[in-house]
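Have a look at my_file37.pdb; it's PDB, C-alpha atoms, pLDDT in the B column:
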```pdb
ATOM      1  CA  MET A1348      62.998 -23.398  -9.355  1.00 44.00           C
ATOM      2  CA  ALA A1349      63.789 -20.068  -7.784  1.00 49.00           C
ATOM      3  CA  ALA A1350      61.075 -17.476  -8.163  1.00 50.00           C
ATOM      4  CA  LEU A1351      61.591 -13.750  -8.295  1.00 49.00           C
ATOM      5  CA  VAL A1352      59.709 -12.131  -5.399  1.00 49.00           C
ATOM      6  CA  THR A1353      58.754  -8.466  -5.582  1.00 50.00           C
ATOM      7  CA  TYR A1354      57.376  -6.579  -2.619  1.00 47.00           C
ATOM      8  CA  THR A1355      54.571  -4.062  -2.762  1.00 51.00           C
ATOM      9  CA  GLY A1356      54.751  -1.089  -0.503  1.00 52.00           C
ATOM     10  CA  GLY A1357      57.719   0.862   0.825  1.00 53.00           C
ATOM     11  CA  ASP A1358      59.188  -1.613   3.280  1.00 52.00           C
ATOM     12  CA  GLN A1359      60.293  -5.195   2.806  1.00 52.00           C
ATOM     13  CA  ARG A1360      58.107  -6.494   5.636  1.00 51.00           C
ATOM     14  CA  SER A1361      54.915  -5.986   3.647  1.00 47.00           C
ATOM     15  CA  SER A1362      52.545  -8.916   3.778  1.00 48.00           C
ATOM     16  CA  ARG A1363      51.531  -8.620   0.115  1.00 47.00           C
ATOM     17  CA  ARG A1364      53.971 -10.315  -2.245  1.00 48.00           C
ATOM     18  CA  HIS A1365      53.844 -10.951  -5.956  1.00 47.00           C
ATOM     19  CA  VAL A1366      55.661 -13.998  -7.172  1.00 50.00           C
ATOM     20  CA  LEU A1367      56.903 -13.872 -10.742  1.00 48.00           C
ATOM     21  CA  THR A1368      57.669 -17.259 -12.198  1.00 49.00           C
ATOM     22  CA  SER A1369      60.798 -17.617 -14.221  1.00 51.00           C
ATOM     23  CA  THR A1370      60.699 -18.822 -17.816  1.00 52.00           C
ATOM     24  CA  GLY A1371      62.462 -21.994 -16.712  1.00 53.00           C
ATOM     25  CA  MET A1372      59.473 -22.962 -14.592  1.00 56.00           C
ATOM     26  CA  ARG A1373      57.091 -22.354 -17.489  1.00 62.00           C
ATOM     27  CA  SER A1374      59.199 -24.373 -19.904  1.00 70.00           C
ATOM     28  CA  ARG A1375      59.318 -27.347 -17.523  1.00 75.00           C
ATOM     29  CA  SER A1376      55.545 -27.230 -17.285  1.00 81.00           C
ATOM     30  CA  SER A1377      55.285 -27.151 -21.076  1.00 84.00           C
ATOM     31  CA  ILE A1378      57.673 -30.074 -21.413  1.00 87.00           C
ATOM     32  CA  ARG A1379      55.646 -32.056 -18.878  1.00 84.00           C
ATOM     33  CA  ALA A1380      52.425 -31.276 -20.756  1.00 85.00           C
ATOM     34  CA  PHE A1381      54.016 -32.289 -24.070  1.00 89.00           C
ATOM     35  CA  ILE A1382      55.236 -35.591 -22.612  1.00 88.00           C
ATOM     36  CA  ARG A1383      51.756 -36.305 -21.260  1.00 85.00           C
ATOM     37  CA  LEU A1384      50.208 -35.429 -24.625  1.00 89.00           C
ATOM     38  CA  CYS A1385      52.607 -37.840 -26.354  1.00 91.00           C
ATOM     39  CA  ALA A1386      51.800 -40.540 -23.781  1.00 87.00           C
ATOM     40  CA  ALA A1387      48.065 -40.041 -24.304  1.00 87.00           C
ATOM     41  CA  SER A1388      48.391 -40.267 -28.081  1.00 92.00           C
ATOM     42  CA  GLY A1389      50.658 -43.322 -27.733  1.00 91.00           C
ATOM     43  CA  LEU A1390      48.021 -44.964 -25.569  1.00 88.00           C
ATOM     44  CA  GLY A1391      45.448 -44.153 -28.239  1.00 92.00           C
ATOM     45  CA  VAL A1392      47.592 -45.725 -30.970  1.00 94.00           C
ATOM     46  CA  TYR A1393      48.045 -48.810 -28.780  1.00 93.00           C
ATOM     47  CA  LEU A1394      44.290 -49.113 -28.176  1.00 92.00           C
ATOM     48  CA  GLY A1395      43.501 -48.463 -31.838  1.00 93.00           C
ATOM     49  CA  ALA A1396      45.955 -51.163 -32.899  1.00 93.00           C
ATOM     50  CA  SER A1397      44.406 -53.516 -30.335  1.00 93.00           C
ATOM     51  CA  ILE A1398      40.994 -52.908 -31.897  1.00 92.00           C
ATOM     52  CA  ALA A1399      42.495 -53.653 -35.310  1.00 91.00           C
ATOM     53  CA  GLY A1400      44.009 -56.837 -33.842  1.00 91.00           C
ATOM     54  CA  LEU A1401      40.619 -57.837 -32.438  1.00 92.00           C
ATOM     55  CA  LEU A1402      39.060 -57.388 -35.862  1.00 90.00           C
ATOM     56  CA  ALA A1403      41.863 -59.478 -37.385  1.00 88.00           C
ATOM     57  CA  VAL A1404      41.267 -62.270 -34.844  1.00 89.00           C
ATOM     58  CA  MET A1405      37.524 -62.147 -35.494  1.00 90.00           C
ATOM     59  CA  THR A1406      38.118 -62.574 -39.221  1.00 88.00           C
ATOM     60  CA  GLY A1407      40.624 -65.386 -38.593  1.00 85.00           C
ATOM     61  CA  ARG A1408      43.664 -63.814 -40.260  1.00 82.00           C
ATOM     62  CA  PRO A1409      46.237 -64.711 -37.555  1.00 83.00           C
ATOM     63  CA  LEU A1410      44.894 -68.211 -36.978  1.00 80.00           C
ATOM     64  CA  THR A1411      46.572 -69.795 -39.986  1.00 77.00           C
ATOM     65  CA  ALA A1412      48.868 -72.808 -39.675  1.00 69.00           C
ATOM     66  CA  SER A1413      52.026 -70.746 -40.287  1.00 73.00           C
ATOM     67  CA  SER A1414      51.204 -68.086 -37.677  1.00 75.00           C
ATOM     68  CA  ALA A1415      53.022 -68.049 -34.353  1.00 82.00           C
ATOM     69  CA  TRP A1416      50.482 -65.744 -32.745  1.00 84.00           C
ATOM     70  CA  VAL A1417      48.679 -68.501 -30.859  1.00 81.00           C
ATOM     71  CA  THR A1418      51.891 -69.526 -29.082  1.00 83.00           C
ATOM     72  CA  ILE A1419      52.871 -65.911 -28.405  1.00 88.00           C
ATOM     73  CA  ALA A1420      49.452 -64.977 -26.983  1.00 89.00           C
ATOM     74  CA  LEU A1421      50.062 -66.539 -23.548  1.00 88.00           C
ATOM     75  CA  THR A1422      53.453 -64.888 -23.117  1.00 91.00           C
ATOM     76  CA  SER A1423      52.136 -61.527 -24.252  1.00 93.00           C
ATOM     77  CA  ALA A1424      49.204 -61.834 -21.837  1.00 94.00           C
ATOM     78  CA  VAL A1425      51.618 -62.241 -18.913  1.00 94.00           C
ATOM     79  CA  ALA A1426      53.695 -59.311 -20.210  1.00 95.00           C
ATOM     80  CA  GLY A1427      50.454 -57.338 -20.599  1.00 95.00           C
ATOM     81  CA  ALA A1428      49.696 -57.795 -16.903  1.00 95.00           C
ATOM     82  CA  GLY A1429      53.051 -56.222 -16.065  1.00 95.00           C
ATOM     83  CA  ALA A1430      52.554 -53.474 -18.616  1.00 93.00           C
ATOM     84  CA  GLY A1431      49.084 -52.740 -17.229  1.00 93.00           C
ATOM     85  CA  ALA A1432      50.454 -52.465 -13.692  1.00 94.00           C
ATOM     86  CA  ALA A1433      53.261 -50.180 -14.906  1.00 93.00           C
ATOM     87  CA  ALA A1434      50.802 -47.988 -16.812  1.00 88.00           C
ATOM     88  CA  CYS A1435      48.588 -47.803 -13.733  1.00 90.00           C
ATOM     89  CA  TRP A1436      51.481 -46.638 -11.581  1.00 91.00           C
ATOM     90  CA  LEU A1437      52.807 -44.136 -14.147  1.00 85.00           C
ATOM     91  CA  THR A1438      49.426 -42.501 -14.723  1.00 81.00           C
ATOM     92  CA  ARG A1439      48.194 -42.598 -11.124  1.00 84.00           C
ATOM     93  CA  ARG A1440      47.956 -38.794 -10.838  1.00 80.00           C
ATOM     94  CA  TRP A1441      46.292 -37.837 -14.123  1.00 73.00           C
ATOM     95  CA  LEU A1442      44.411 -40.725 -15.754  1.00 74.00           C
ATOM     96  CA  LEU A1443      41.274 -42.190 -14.190  1.00 79.00           C
ATOM     97  CA  THR A1444      42.300 -41.233 -10.669  1.00 83.00           C
ATOM     98  CA  ARG A1445      38.937 -41.858  -9.012  1.00 85.00           C
ATOM     99  CA  VAL A1446      38.125 -45.249 -10.509  1.00 86.00           C
ATOM    100  CA  PRO A1447      37.507 -47.996  -7.925  1.00 90.00           C
ATOM    101  CA  ALA A1448      39.723 -51.099  -8.240  1.00 92.00           C
ATOM    102  CA  ARG A1449      41.968 -49.151 -10.616  1.00 91.00           C
ATOM    103  CA  TRP A1450      44.932 -51.572 -10.375  1.00 93.00           C
ATOM    104  CA  TRP A1451      42.895 -54.622 -11.342  1.00 95.00           C
ATOM    105  CA  LYS A1452      41.214 -52.851 -14.240  1.00 94.00           C
ATOM    106  CA  PHE A1453      44.556 -51.744 -15.683  1.00 94.00           C
ATOM    107  CA  ILE A1454      46.033 -55.235 -15.265  1.00 95.00           C
ATOM    108  CA  VAL A1455      43.039 -56.889 -16.949  1.00 95.00           C
ATOM    109  CA  ALA A1456      43.183 -54.322 -19.755  1.00 94.00           C
ATOM    110  CA  GLY A1457      46.871 -55.140 -20.272  1.00 94.00           C
ATOM    111  CA  VAL A1458      46.183 -58.889 -20.299  1.00 95.00           C
ATOM    112  CA  VAL A1459      43.469 -58.438 -22.936  1.00 94.00           C
ATOM    113  CA  THR A1460      44.987 -55.777 -25.172  1.00 94.00           C
ATOM    114  CA  LEU A1461      48.649 -56.827 -25.476  1.00 93.00           C
ATOM    115  CA  PRO A1462      47.916 -60.167 -27.225  1.00 93.00           C
ATOM    116  CA  LEU A1463      45.570 -58.312 -29.588  1.00 92.00           C
ATOM    117  CA  PHE A1464      48.264 -55.691 -30.205  1.00 92.00           C
ATOM    118  CA  THR A1465      50.796 -58.388 -31.118  1.00 90.00           C
ATOM    119  CA  VAL A1466      48.468 -59.708 -33.832  1.00 87.00           C
ATOM    120  CA  LEU A1467      49.483 -56.856 -36.147  1.00 84.00           C
ATOM    121  CA  GLY A1468      53.133 -57.831 -35.860  1.00 80.00           C
ATOM    122  CA  GLN A1469      52.374 -61.418 -36.836  1.00 79.00           C
ATOM    123  CA  LEU A1470      50.358 -60.616 -39.941  1.00 78.00           C
ATOM    124  CA  PRO A1471      52.186 -60.784 -43.282  1.00 75.00           C
ATOM    125  CA  THR A1472      50.613 -57.497 -44.388  1.00 77.00           C
ATOM    126  CA  VAL A1473      48.953 -54.770 -42.403  1.00 78.00           C
ATOM    127  CA  GLY A1474      46.004 -53.210 -44.160  1.00 81.00           C
ATOM    128  CA  SER A1475      45.253 -49.535 -44.431  1.00 85.00           C
ATOM    129  CA  ALA A1476      42.188 -49.979 -42.222  1.00 87.00           C
ATOM    130  CA  ASP A1477      44.442 -51.280 -39.423  1.00 88.00           C
ATOM    131  CA  ALA A1478      46.735 -48.291 -39.734  1.00 89.00           C
ATOM    132  CA  LEU A1479      43.773 -45.896 -39.814  1.00 92.00           C
ATOM    133  CA  LEU A1480      42.342 -47.434 -36.637  1.00 92.00           C
ATOM    134  CA  ALA A1481      45.678 -46.987 -34.867  1.00 92.00           C
ATOM    135  CA  LEU A1482      46.094 -43.415 -36.127  1.00 93.00           C
ATOM    136  CA  GLY A1483      42.503 -42.554 -35.253  1.00 94.00           C
ATOM    137  CA  GLY A1484      42.958 -43.880 -31.736  1.00 93.00           C
ATOM    138  CA  GLY A1485      46.025 -41.684 -31.276  1.00 93.00           C
ATOM    139  CA  VAL A1486      44.268 -38.566 -32.526  1.00 94.00           C
ATOM    140  CA  VAL A1487      41.182 -39.190 -30.369  1.00 93.00           C
ATOM    141  CA  MET A1488      43.195 -39.772 -27.183  1.00 90.00           C
ATOM    142  CA  ALA A1489      45.333 -36.683 -27.860  1.00 90.00           C
ATOM    143  CA  ALA A1490      42.172 -34.600 -28.334  1.00 90.00           C
ATOM    144  CA  VAL A1491      40.609 -35.986 -25.148  1.00 88.00           C
ATOM    145  CA  TYR A1492      43.759 -35.226 -23.162  1.00 85.00           C
ATOM    146  CA  TRP A1493      44.066 -31.754 -24.693  1.00 86.00           C
ATOM    147  CA  ARG A1494      40.479 -30.896 -23.832  1.00 86.00           C
ATOM    148  CA  ALA A1495      40.808 -32.185 -20.272  1.00 80.00           C
ATOM    149  CA  SER A1496      44.015 -30.228 -19.735  1.00 80.00           C
ATOM    150  CA  ARG A1497      42.498 -27.023 -21.187  1.00 80.00           C
ATOM    151  CA  THR A1498      39.433 -27.223 -18.934  1.00 76.00           C
ATOM    152  CA  GLY A1499      41.565 -27.726 -15.845  1.00 67.00           C
ATOM    153  CA  SER A1500      40.434 -31.260 -15.130  1.00 60.00           C
ATOM    154  CA  ARG A1501      42.816 -33.003 -12.722  1.00 55.00           C
ATOM    155  CA  SER A1502      41.534 -36.456 -13.544  1.00 53.00           C
ATOM    156  CA  LEU A1503      41.382 -37.310 -17.211  1.00 54.00           C
ATOM    157  CA  GLY A1504      38.536 -39.726 -17.601  1.00 54.00           C
ATOM    158  CA  SER A1505      36.336 -39.016 -14.580  1.00 50.00           C
ATOM    159  CA  GLY A1506      34.204 -36.616 -16.610  1.00 48.00           C
ATOM    160  CA  ALA A1507      32.657 -34.903 -13.601  1.00 49.00           C
ATOM    161  CA  GLU A1508      34.753 -31.765 -13.949  1.00 46.00           C
ATOM    162  CA  VAL A1509      34.221 -31.490 -17.699  1.00 44.00           C
ATOM    163  CA  ARG A1510      30.459 -32.016 -17.521  1.00 47.00           C
ATOM    164  CA  SER A1511      29.956 -29.431 -14.788  1.00 49.00           C
ATOM    165  CA  ARG A1512      31.339 -26.584 -16.943  1.00 46.00           C
TER     166      ARG A1512
END
```

Could the structure of this file be written out as structure tokens, please?
Amino acid sequence: MAALVTYTGGDQRSSRRHVLTSTGMRSRSSIRAFIRLCAASGLGVYLGASIAGLLAVMTGRPLTASSAWVTIALTSAVAGAGAGAAACWLTRRWLLTRVPARWWKFIVAGVVTLPLFTVLGQLPTVGSADALLALGGGVVMAAVYWRASRTGSRSLGSGAEVRSR
């Protein structure tokens, strides 16, 4: 965290200073950006798999007599509320920072999406369309995060900073 400070001018009391960052500071920033990129793509895979689960529920695949999804849905909805609150707290500085009632929206999203996500685990076979939806969601969220980070947007999802450029 120490920065190398060089002084301009002949004496050390000069008011103009140039701060050179060390490579350690740059690598920590790169690691942080990589972790956020992985989190964004993981969120995209989760949402893509939830969409695939919604399509499976709409077609009636998990609602067979031998499926345990119906009994698991209530438990996963409660766990989804906790997961939504945790995701809201973890992403409070970089994902949808200016959204009103942010906590409630994340909790409701967790309650809705986690039971749909668990559908894929209860199916006897997962189709290629389900896997493509999950993969596509990951790629789209990674691209959205990458673009927002390249344009200097502090709040991924507000759109105001990206549209103004």

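Atom CA of Thr1406 of chain A to atom CA of Ile1419 of chain A spans 18.6 Å [interatomic distance, one decimal].
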
Given the PyMOL selection byres ((chain A and resi 1457) around 10) and the file above, list the residues it selects as a ChimeraX atom specification. /A:1423-1435,1451-1456,1458-1463

I need the residue set behind the PyMOL selection byres ((chain A and resi 1417) around 12) for this file; please write it as an NGL selection string. :A and (1404 or 1407-1416 or 1418-1424 or 1462-1463 or 1465-1466 or 1469)

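Considering the residues A:Leu1390, A:Leu1479, A:Ala1380, A:Ala1399 and counting all atoms listed in the file, Arg1497 of chain A has its shortest atom-to-atom contact with A:Ala1380.
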
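Interatomic distance, atom CA of Ala1386 of chain A to atom CA of Arg1440 of chain A: 13.6 Å.
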
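Atom pair atom CA of Val1473 of chain A / atom CA of Phe1381 of chain A has a distance of 29.4 Å (rounded to one decimal).
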
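Distances from A:Ala1403, A:Ala1489, A:Leu1467, A:Ala1396 to Ile1382 of chain A were compared using all atoms listed in the file, and the smallest one belongs to A:Ala1489.
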
Just so the selection is clear, what residues does the PyMOL selection byres ((chain A and resi 1385) around 12) cover here, as a list of chain:residue names? A:Ile1378, A:Arg1379, A:Ala1380, A:Phe1381, A:Ile1382, A:Arg1383, A:Leu1384, A:Ala1386, A:Ala1387, A:Ser1388, A:Gly1389, A:Leu1390, A:Gly1391, A:Val1392, A:Gly1485, A:Val1486, A:Met1488, A:Ala1489, A:Ala1490, A:Tyr1492, A:Trp1493

Exercise on segment 1375-1378 of chain A, axis-aligned box with 3 Å per side, report centre and edge lengths in Å to one decimal, as JSON:
```
{"center_x": 57.3, "center_y": -28.6, "center_z": -19.3, "size_x": 10.0, "size_y": 8.9, "size_z": 10.1}
```
